[in-house]
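Trainee: Structure file query-v2.txt, compact mmCIF, C-alpha atoms, is pasted below:
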# COMPACT_ATOMS: atom_id res chain seq x y z
CA MET A 27 95.57 140.11 159.78
CA LYS A 28 98.39 139.14 157.46
CA LEU A 29 96.51 136.42 155.58
CA LEU A 30 93.74 138.87 154.73
CA GLN A 31 96.15 141.60 153.61
CA GLN A 32 97.92 139.12 151.35
CA ARG A 33 94.62 138.03 149.87
CA ILE A 34 93.53 141.61 149.22
CA LEU A 35 96.81 142.30 147.42
CA LYS A 36 96.56 139.08 145.44
CA ASP A 37 92.88 139.06 144.47
CA GLY A 38 91.52 142.54 145.15
CA HIS A 39 90.88 144.89 142.26
CA LEU A 40 90.81 148.66 142.35
CA LYS A 41 88.07 150.48 140.50
CA GLU A 42 87.38 154.12 139.88
CA GLY A 43 86.32 156.13 142.92
CA ASN A 44 88.51 154.25 145.40
CA ILE A 45 86.29 151.22 145.24
CA LEU A 46 88.12 148.05 146.16
CA LYS A 47 86.56 144.97 144.69
CA VAL A 48 86.99 141.80 146.68
CA ASP A 49 84.21 139.95 144.97
CA SER A 50 86.26 136.85 144.26
CA PHE A 51 86.59 135.94 147.95
CA LEU A 52 84.40 138.14 150.16
CA ASN A 53 81.21 139.61 148.75
CA HIS A 54 80.04 137.85 145.61
CA GLN A 55 82.02 134.65 145.72
CA MET A 56 82.92 133.70 149.30
CA ASP A 57 86.05 131.79 150.30
CA ILE A 58 84.74 129.74 153.19
CA LYS A 59 88.18 128.83 154.55
CA LEU A 60 89.15 132.50 154.65
CA LEU A 61 85.85 133.34 156.35
CA ASN A 62 86.73 130.80 159.04
CA GLU A 63 90.11 132.45 159.58
CA ILE A 64 88.32 135.80 159.82
CA GLY A 65 85.87 134.36 162.33
CA LYS A 66 88.73 132.95 164.42
CA GLU A 67 90.44 136.34 164.45
CA PHE A 68 87.27 138.13 165.58
CA LYS A 69 87.00 135.58 168.39
CA ARG A 70 90.60 136.16 169.39
CA LEU A 71 90.10 139.93 169.44
CA PHE A 72 86.86 139.82 171.43
CA SER A 73 87.66 136.79 173.59
CA ASP A 74 87.66 138.96 176.72
CA HIS A 75 83.92 139.51 176.38
CA SER A 76 80.87 137.35 176.74
CA ILE A 77 78.91 137.88 173.55
CA THR A 78 75.36 136.61 173.12
CA LYS A 79 74.53 137.76 169.62
CA ILE A 80 76.12 138.86 166.39
CA LEU A 81 74.41 141.63 164.44
CA THR A 82 75.16 142.27 160.78
CA ILE A 83 73.44 143.79 157.78
CA GLU A 84 72.43 142.32 154.48
CA THR A 85 73.96 141.42 152.16
CA SER A 86 77.70 140.95 152.37
CA GLY A 87 77.89 140.72 156.15
CA ILE A 88 75.72 137.63 156.40
CA GLY A 89 78.13 134.91 155.32
CA ILE A 90 80.96 136.42 157.34
CA ALA A 91 78.81 136.67 160.46
CA ALA A 92 77.34 133.17 160.08
CA ILE A 93 80.78 131.56 159.84
CA ALA A 94 82.16 133.78 162.63
CA ALA A 95 79.33 132.76 164.97
CA GLN A 96 80.71 129.23 165.00
CA HIS A 97 83.78 130.57 166.77
CA PHE A 98 81.53 132.18 169.42
CA ASP A 99 79.78 128.98 170.54
CA ASP A 100 77.18 129.14 167.76
CA ILE A 101 75.46 132.24 169.11
CA PRO A 102 72.57 133.51 166.95
CA VAL A 103 73.23 135.90 164.10
CA VAL A 104 70.70 138.63 163.34
CA PHE A 105 70.94 140.45 160.06
CA ALA A 106 69.37 143.87 159.66
CA LYS A 107 67.21 144.24 156.58
CA LYS A 108 67.48 147.10 154.16
CA VAL A 109 64.00 147.22 152.68
CA LYS A 110 60.53 146.86 154.00
CA SER A 111 58.97 143.58 152.97
CA LYS A 112 55.59 142.09 153.73
CA ASN A 113 57.44 139.33 155.50
CA LEU A 114 58.92 141.45 158.27
CA ASP A 115 56.25 142.58 160.67
CA GLY A 116 55.83 143.27 164.34
CA GLU A 117 57.70 145.86 166.22
CA LEU A 118 60.87 147.05 164.60
CA PHE A 119 63.95 148.99 165.48
CA THR A 120 64.68 151.22 162.51
CA SER A 121 67.51 153.48 161.45
CA LYS A 122 68.87 154.91 158.23
CA ALA A 123 72.03 154.20 156.31
CA GLN A 124 73.63 155.37 153.12
CA SER A 125 75.29 152.99 150.70
CA PHE A 126 78.66 154.27 149.53
CA THR A 127 78.74 151.93 146.55
CA LYS A 128 75.11 152.28 145.53
CA GLY A 129 74.66 155.97 146.29
CA ILE A 130 71.28 155.55 147.98
CA VAL A 131 69.81 156.02 151.45
CA TYR A 132 67.82 153.12 152.82
CA ASP A 133 65.99 152.16 155.97
CA ILE A 134 67.47 149.41 158.04
CA GLN A 135 65.32 147.33 160.33
CA VAL A 136 65.65 144.71 163.03
CA ALA A 137 62.69 143.05 164.71
CA LYS A 138 62.63 144.14 168.33
CA LYS A 139 62.22 140.61 169.59
CA PHE A 140 65.73 139.71 168.39
CA LEU A 141 67.63 142.35 170.36
CA THR A 142 66.96 142.88 174.05
CA ALA A 143 68.54 144.63 177.00
CA ASP A 144 69.99 141.25 178.06
CA ASP A 145 72.07 140.91 174.90
CA HIS A 146 75.79 141.53 174.51
CA VAL A 147 76.17 142.35 170.86
CA LEU A 148 79.09 142.16 168.45
CA ILE A 149 78.43 143.94 165.16
CA ILE A 150 80.19 142.42 162.15
CA ASP A 151 80.37 143.77 158.61
CA ASP A 152 82.55 143.40 155.56
CA PHE A 153 83.51 147.02 154.84
CA LEU A 154 83.84 150.27 156.73
CA ALA A 155 84.23 153.43 154.68
CA LYS A 156 82.12 156.42 155.69
CA GLY A 157 80.51 154.35 158.42
CA GLN A 158 76.89 154.88 157.47
CA ALA A 159 75.80 151.25 157.68
CA LEU A 160 77.72 150.74 160.91
CA LEU A 161 76.27 153.88 162.50
CA GLY A 162 72.81 152.62 161.63
CA LEU A 163 73.52 149.26 163.27
CA ILE A 164 75.00 150.97 166.35
CA ASP A 165 71.90 153.15 166.58
CA ILE A 166 69.72 150.04 166.52
CA VAL A 167 71.75 148.32 169.26
CA GLN A 168 71.47 151.45 171.38
CA GLN A 169 67.71 151.62 170.83
CA SER A 170 67.45 148.02 172.02
CA GLN A 171 69.39 148.84 175.20
CA ALA A 172 71.57 145.83 174.56
CA ASN A 173 75.22 146.09 175.52
CA LEU A 174 77.31 146.90 172.46
CA VAL A 175 80.57 144.99 172.94
CA GLY A 176 82.12 146.35 169.76
CA CYS A 177 82.35 146.20 166.01
CA GLY A 178 84.38 143.78 163.92
CA ILE A 179 85.10 144.87 160.37
CA VAL A 180 86.92 142.88 157.72
CA ILE A 181 88.24 145.79 155.64
CA GLU A 182 88.38 149.38 156.82
CA LYS A 183 89.18 152.18 154.44
CA GLY A 184 91.31 154.23 156.81
CA PHE A 185 91.41 157.16 154.37
CA GLN A 186 87.68 157.67 154.86
CA ASN A 187 86.33 158.91 158.14
CA GLY A 188 83.94 156.16 159.30
CA GLY A 189 86.45 154.53 161.61
CA GLN A 190 87.38 157.84 163.21
CA ILE A 191 83.74 158.76 163.85
CA ILE A 192 83.05 155.44 165.54
CA ARG A 193 86.24 155.33 167.64
CA GLN A 194 85.57 158.91 168.79
CA LYS A 195 82.28 157.71 170.20
CA GLY A 196 84.30 155.40 172.47
CA ILE A 197 83.07 152.32 170.65
CA ARG A 198 85.52 149.47 170.31
CA LEU A 199 86.24 148.90 166.64
CA GLU A 200 88.49 146.14 165.37
CA SER A 201 89.27 146.08 161.65
CA LEU A 202 91.20 143.10 160.34
CA ALA A 203 92.73 145.06 157.47
CA ILE A 204 92.98 148.84 157.39
CA ILE A 205 93.78 150.43 154.07
CA ASP A 206 95.58 153.71 154.68
CA SER A 207 95.73 154.83 151.10
CA ILE A 208 95.19 153.84 147.53
CA GLU A 209 97.69 155.69 145.40
CA ASN A 210 98.89 155.02 141.87
CA ASN A 211 96.78 151.90 141.94
CA GLN A 212 98.70 150.67 145.01
CA ILE A 213 97.06 149.57 148.24
CA VAL A 214 98.90 150.66 151.40
CA PHE A 215 97.87 149.06 154.69
CA GLY A 216 97.93 150.85 158.03
CA MET B 19 64.29 116.33 158.03
CA LYS B 20 62.57 115.78 161.35
CA LEU B 21 64.55 118.34 163.33
CA LEU B 22 63.60 121.04 160.83
CA GLN B 23 59.92 120.08 160.80
CA GLN B 24 59.86 120.19 164.59
CA ARG B 25 61.48 123.60 164.57
CA ILE B 26 59.01 124.94 162.01
CA LEU B 27 56.09 123.74 164.15
CA LYS B 28 57.66 125.14 167.31
CA ASP B 29 58.90 128.53 166.10
CA GLY B 30 57.27 129.18 162.72
CA HIS B 31 54.42 131.65 162.50
CA LEU B 32 51.70 131.75 159.89
CA LYS B 33 50.71 135.06 158.42
CA GLU B 34 48.02 136.11 155.99
CA GLY B 35 48.50 134.93 152.42
CA ASN B 36 50.07 131.58 153.33
CA ILE B 37 53.27 133.27 154.36
CA LEU B 38 55.23 131.19 156.83
CA LYS B 39 57.54 133.25 158.99
CA VAL B 40 60.65 131.51 160.17
CA ASP B 41 62.49 134.67 161.02
CA SER B 42 63.49 133.53 164.49
CA PHE B 43 65.80 130.82 163.16
CA LEU B 44 66.25 131.03 159.39
CA ASN B 45 65.96 134.38 157.66
CA HIS B 46 66.29 137.29 160.04
CA GLN B 47 67.81 135.66 163.09
CA MET B 48 69.81 132.57 162.12
CA ASP B 49 70.27 129.52 164.35
CA ILE B 50 73.81 128.50 163.44
CA LYS B 51 73.54 125.02 164.95
CA LEU B 52 70.43 124.33 162.92
CA LEU B 53 72.15 125.66 159.79
CA ASN B 54 74.92 123.15 160.39
CA GLU B 55 72.40 120.31 160.62
CA ILE B 56 70.86 121.58 157.38
CA GLY B 57 74.27 121.67 155.73
CA LYS B 58 75.00 118.12 156.89
CA GLU B 59 71.72 116.93 155.43
CA PHE B 60 72.40 118.57 152.06
CA LYS B 61 75.79 116.83 152.04
CA ARG B 62 74.16 113.49 152.83
CA LEU B 63 71.62 113.96 150.03
CA PHE B 64 74.15 115.03 147.42
CA SER B 65 77.09 112.90 148.60
CA ASP B 66 76.98 110.89 145.38
CA HIS B 67 78.15 113.90 143.40
CA SER B 68 81.33 115.86 143.17
CA ILE B 69 80.29 119.48 143.68
CA THR B 70 82.68 122.36 143.04
CA LYS B 71 80.52 125.35 143.85
CA ILE B 72 77.38 126.35 145.73
CA LEU B 73 75.18 129.00 144.15
CA THR B 74 72.58 130.88 146.15
CA ILE B 75 70.82 134.23 146.00
CA GLU B 76 70.78 137.14 148.35
CA THR B 77 69.63 137.53 151.03
CA SER B 78 68.34 134.60 153.00
CA GLY B 79 70.26 131.92 151.13
CA ILE B 80 73.68 133.29 152.00
CA GLY B 81 74.06 132.15 155.60
CA ILE B 82 72.60 128.73 154.81
CA ALA B 83 74.92 128.26 151.83
CA ALA B 84 78.01 129.50 153.69
CA ILE B 85 77.50 127.06 156.54
CA ALA B 86 76.57 124.23 154.16
CA ALA B 87 79.76 124.74 152.14
CA GLN B 88 81.77 123.60 155.16
CA HIS B 89 80.21 120.17 154.73
CA PHE B 90 81.33 120.13 151.09
CA ASP B 91 85.06 120.58 151.75
CA ASP B 92 84.80 124.37 151.94
CA ILE B 93 83.95 124.85 148.28
CA PRO B 94 83.29 128.47 147.27
CA VAL B 95 79.82 129.94 147.60
CA VAL B 96 78.60 132.41 144.99
CA PHE B 97 75.54 134.47 145.73
CA ALA B 98 73.53 136.00 142.92
CA LYS B 99 72.77 139.67 143.36
CA LYS B 100 69.35 141.17 142.93
CA VAL B 101 70.14 144.75 141.97
CA LYS B 102 72.68 146.46 139.83
CA SER B 103 75.31 148.22 141.88
CA LYS B 104 78.36 150.19 140.86
CA ASN B 105 80.41 147.54 142.58
CA LEU B 106 79.48 144.64 140.28
CA ASP B 107 81.04 145.04 136.89
CA GLY B 108 82.48 142.93 134.14
CA GLU B 109 80.61 140.35 132.24
CA LEU B 110 77.47 139.11 133.90
CA PHE B 111 75.05 136.28 133.58
CA THR B 112 71.61 137.79 134.12
CA SER B 113 68.12 136.44 134.58
CA LYS B 114 64.88 137.62 136.11
CA ALA B 115 63.01 136.53 139.21
CA GLN B 116 59.85 137.50 140.98
CA SER B 117 59.69 137.82 144.74
CA PHE B 118 56.62 136.13 146.18
CA THR B 119 56.85 137.99 149.45
CA LYS B 120 57.77 141.38 148.03
CA GLY B 121 55.61 141.30 144.91
CA ILE B 122 58.31 142.68 142.61
CA VAL B 123 60.31 141.46 139.63
CA TYR B 124 64.05 141.97 139.84
CA ASP B 125 67.13 141.20 137.82
CA ILE B 126 69.50 138.64 139.21
CA GLN B 127 73.16 138.66 138.26
CA VAL B 128 76.26 136.55 138.63
CA ALA B 129 79.69 137.59 137.37
CA LYS B 130 80.64 135.23 134.57
CA LYS B 131 84.08 134.59 136.02
CA PHE B 132 82.53 132.77 138.99
CA LEU B 133 80.63 130.09 137.04
CA THR B 134 82.34 128.15 134.28
CA ALA B 135 81.74 125.04 132.20
CA ASP B 136 84.08 123.16 134.55
CA ASP B 137 81.86 123.72 137.57
CA HIS B 138 79.48 121.24 139.18
CA VAL B 139 76.93 123.41 140.89
CA LEU B 140 74.57 122.85 143.78
CA ILE B 141 71.95 125.59 144.14
CA ILE B 142 70.82 126.26 147.72
CA ASP B 143 68.02 128.52 148.90
CA ASP B 144 65.82 128.92 151.93
CA PHE B 145 62.34 128.81 150.38
CA LEU B 146 60.69 127.38 147.30
CA ALA B 147 57.16 128.56 146.53
CA LYS B 148 56.40 129.53 142.96
CA GLY B 149 59.99 128.84 142.01
CA GLN B 150 60.82 132.18 140.43
CA ALA B 151 64.12 132.74 142.20
CA LEU B 152 65.18 129.14 141.66
CA LEU B 153 64.27 129.24 137.96
CA GLY B 154 66.40 132.37 137.62
CA LEU B 155 69.35 130.64 139.28
CA ILE B 156 68.89 127.53 137.12
CA ASP B 157 68.82 129.75 134.03
CA ILE B 158 72.10 131.31 135.09
CA VAL B 159 73.77 127.94 135.67
CA GLN B 160 72.60 126.80 132.24
CA GLN B 161 73.95 129.99 130.62
CA SER B 162 77.31 129.27 132.22
CA GLN B 163 77.33 125.72 130.81
CA ALA B 164 78.26 124.45 134.24
CA ASN B 165 76.84 121.11 135.30
CA LEU B 166 73.80 121.63 137.51
CA VAL B 167 73.96 118.85 140.09
CA GLY B 168 70.69 119.82 141.72
CA CYS B 169 68.87 122.17 144.05
CA GLY B 170 68.71 121.98 147.84
CA ILE B 171 65.86 123.86 149.46
CA VAL B 172 65.24 124.24 153.17
CA ILE B 173 61.45 124.72 153.05
CA GLU B 174 59.29 123.93 150.03
CA LYS B 175 55.67 125.00 149.90
CA GLY B 176 54.31 121.88 148.22
CA PHE B 177 50.94 123.52 147.68
CA GLN B 178 52.50 125.98 145.27
CA ASN B 179 53.80 124.82 141.93
CA GLY B 180 57.48 125.75 141.97
CA GLY B 181 58.65 122.28 142.96
CA GLN B 182 56.54 120.62 140.29
CA ILE B 183 57.85 122.92 137.55
CA ILE B 184 61.46 122.22 138.49
CA ARG B 185 61.08 118.44 138.92
CA GLN B 186 59.29 118.25 135.56
CA LYS B 187 62.39 119.72 133.97
CA GLY B 188 64.26 116.65 135.19
CA ILE B 189 66.24 118.69 137.69
CA ARG B 190 67.06 117.04 140.98
CA LEU B 191 65.37 118.94 143.77
CA GLU B 192 65.78 118.04 147.44
CA SER B 193 63.67 119.95 149.94
CA LEU B 194 64.36 119.30 153.61
CA ALA B 195 60.80 120.12 154.66
CA ILE B 196 57.84 120.11 152.29
CA ILE B 197 54.68 121.77 153.50
CA ASP B 198 51.70 120.12 151.82
CA SER B 199 49.06 122.41 153.18
CA ILE B 200 48.32 125.18 155.61
CA GLU B 201 44.74 124.77 156.79
CA ASN B 202 42.99 126.23 159.80
CA ASN B 203 46.33 127.66 160.84
CA GLN B 204 47.85 124.16 160.84
CA ILE B 205 50.98 123.19 158.96
CA VAL B 206 50.82 119.74 157.33
CA PHE B 207 54.10 118.26 156.05
CA GLY B 208 54.34 116.06 152.99
Go ahead and render the structure in this file as structure tokens.

Mentor:
Amino acid sequence: MKLLQQRILKDGHLKEGNILKVDSFLNHQMDIKLLNEIGKEFKRLFSDHSITKILTIETSGIGIAAIAAQHFDDIPVVFAKKVKSKNLDGELFTSKAQSFTKGIVYDIQVAKKFLTADDHVLIIDDFLAKGQALLGLIDIVQQSQANLVGCGIVIEKGFQNGGQIIRQKGIRLESLAIIDSIENNQIVFG
Amino acid sequence: MKLLQQRILKDGHLKEGNILKVDSFLNHQMDIKLLNEIGKEFKRLFSDHSITKILTIETSGIGIAAIAAQHFDDIPVVFAKKVKSKNLDGELFTSKAQSFTKGIVYDIQVAKKFLTADDHVLIIDDFLAKGQALLGLIDIVQQSQANLVGCGIVIEKGFQNGGQIIRQKGIRLESLAIIDSIENNQIVFG
């Protein structure tokens, strides 16, 4: 997605440890117009499927998924939660995920009532690096026996192995920008 | 907002400790159509002001704020973060907030570059109970010297004192549904 690549080059910042910061438009401050273009592109890519629900994970996926849902006939968005709170009860699907940026392992949870065998699910998230969050979400969809249509990612770090792991499972994965390498402080897209 | 009150009565669940669960449409699964009606209503209420930025806090405010921003000419949404992560650097505005539902105190942070003295800020959040999160966000806006236009809340628990504290500060607070009491498992709106 050209517009996204241009924006990453213009406003993204590289930090130590191959961390790309896109906090001015994607995951701290959100550019709503750009999110709508992202949502449109996900719709275009997955237009051959009937999708009944979008699944994402807190925090950065939520705004992207909410805006994207408008391009899928306002289907409901469910966001997986990362911590146990008093306010999330009932039967839960649970899995584990590791945060690349925070260096911690956390439980992820979705209330069972929000994912059923009748659902056709598109998973959306902002980043794909080692794939831990995405694998946790995929695990939860599989537990629910819903049909996993595929995964839509805004930025994939192609030089890490998350995308490979997921594609090797035969899961459809569409990343709007794939970064092949970050060398000499230069971002190279795939 | 009648539509919201009806939805709370239809799909809200009361739990021990006066906790109202609205996870089927607001803060675990999100009803995107309803969020658009909520966004429209915030725009109607604050249409007399020029607003340049929406500020919210992770997690549940993000989807609401992102959808609402579309009704304010796609202005940027900034969401305050609750924990320190390697991925949030630079100069930060910080404050503290207590989670009513989780029973913990956490730091909240916004990168200084995303709130400036030129901004006219609308704060949006899903719930207002004791007001801790909102007071933290207000503190951050005041630190930034931006103009705080007001606060838009989806559900205010009128029987807790957060709303009173904020209105007594002379801050404009618009809550789309105010719950006056929860008695005998019955929700009474104000």

Trainee: How close does each residue of chain A get to chain B, giving the shortest atom pair and distance in Å to one decimal for every residue with an atom at most 6 Å away, counting all atoms listed in the file, sorted by chain and residue number, as CSV?

Mentor:
residue,atom,partner,partner_atom,distance
A:His54,CA,B:Phe97,CA,5.6
A:Gln55,CA,B:Val96,CA,4.2
A:Met56,CA,B:Val95,CA,5.2
A:Asp57,CA,B:Pro94,CA,5.3
A:Ile58,CA,B:Asp92,CA,5.5
A:Thr85,CA,B:Thr77,CA,5.9
A:Ile88,CA,B:Gly81,CA,5.8
A:Gly89,CA,B:Gly81,CA,4.9
A:Ala92,CA,B:Gly81,CA,5.6
A:Asp100,CA,B:Ile50,CA,5.5
A:Pro102,CA,B:Asp49,CA,5.3
A:Val103,CA,B:Met48,CA,5.2
A:Val104,CA,B:Gln47,CA,4.2
A:Phe105,CA,B:His46,CA,5.6
A:Ser111,CA,B:Lys120,CA,5.5
A:Thr127,CA,B:Lys104,CA,6.0
A:Lys128,CA,B:Ser103,CA,5.5

Trainee: Which one of B:Gly154, B:Ile142, B:Leu22, B:Thr74 sits closest to Asp125 (chain B) if you count only C-alpha atoms?

Mentor: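 Of all the options, B:Gly154 lies closest to Asp125 (chain B).
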
Trainee: So, with all atoms listed in the file as the atoms that count, which of B:Gln150, B:Asn36, B:Ser162, B:Thr134 lies closest to Lys114 (chain B)?

Mentor: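 Checking each candidate against Lys114 (chain B), we get B:Gln150 as the closest.
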
Trainee: Point out the residue among B:Gly35, B:Gly188, B:Gly208, B:Gly57 with the least atom-to-atom distance to Leu166 (chain B), counting all atoms listed in the file.

Mentor: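 Using all atoms listed in the file, Leu166 (chain B) sits closest to B:Gly188.
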
Trainee: Between B:Gly170, B:Gly176, B:Gly181, B:Gly149, single out the one closest to Val206 (chain B), counting only C-alpha atoms.

Mentor: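 Among B:Gly170, B:Gly176, B:Gly181, B:Gly149, it is B:Gly176 that comes nearest to Val206 (chain B).
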
Trainee: For the atom pair CA of Ile34 (chain A) and CA of His97 (chain A), what is the interatomic distance in Å to one decimal place?

Mentor: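 Pair CA of Ile34 (chain A) / CA of His97 (chain A) returns 22.9 Å.
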
Trainee: Could you please determine the separation between CA of Glu200 (chain A) and CA of Gly176 (chain A) in Å, to one decimal place?

Mentor: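 It comes out at 7.7 Å.
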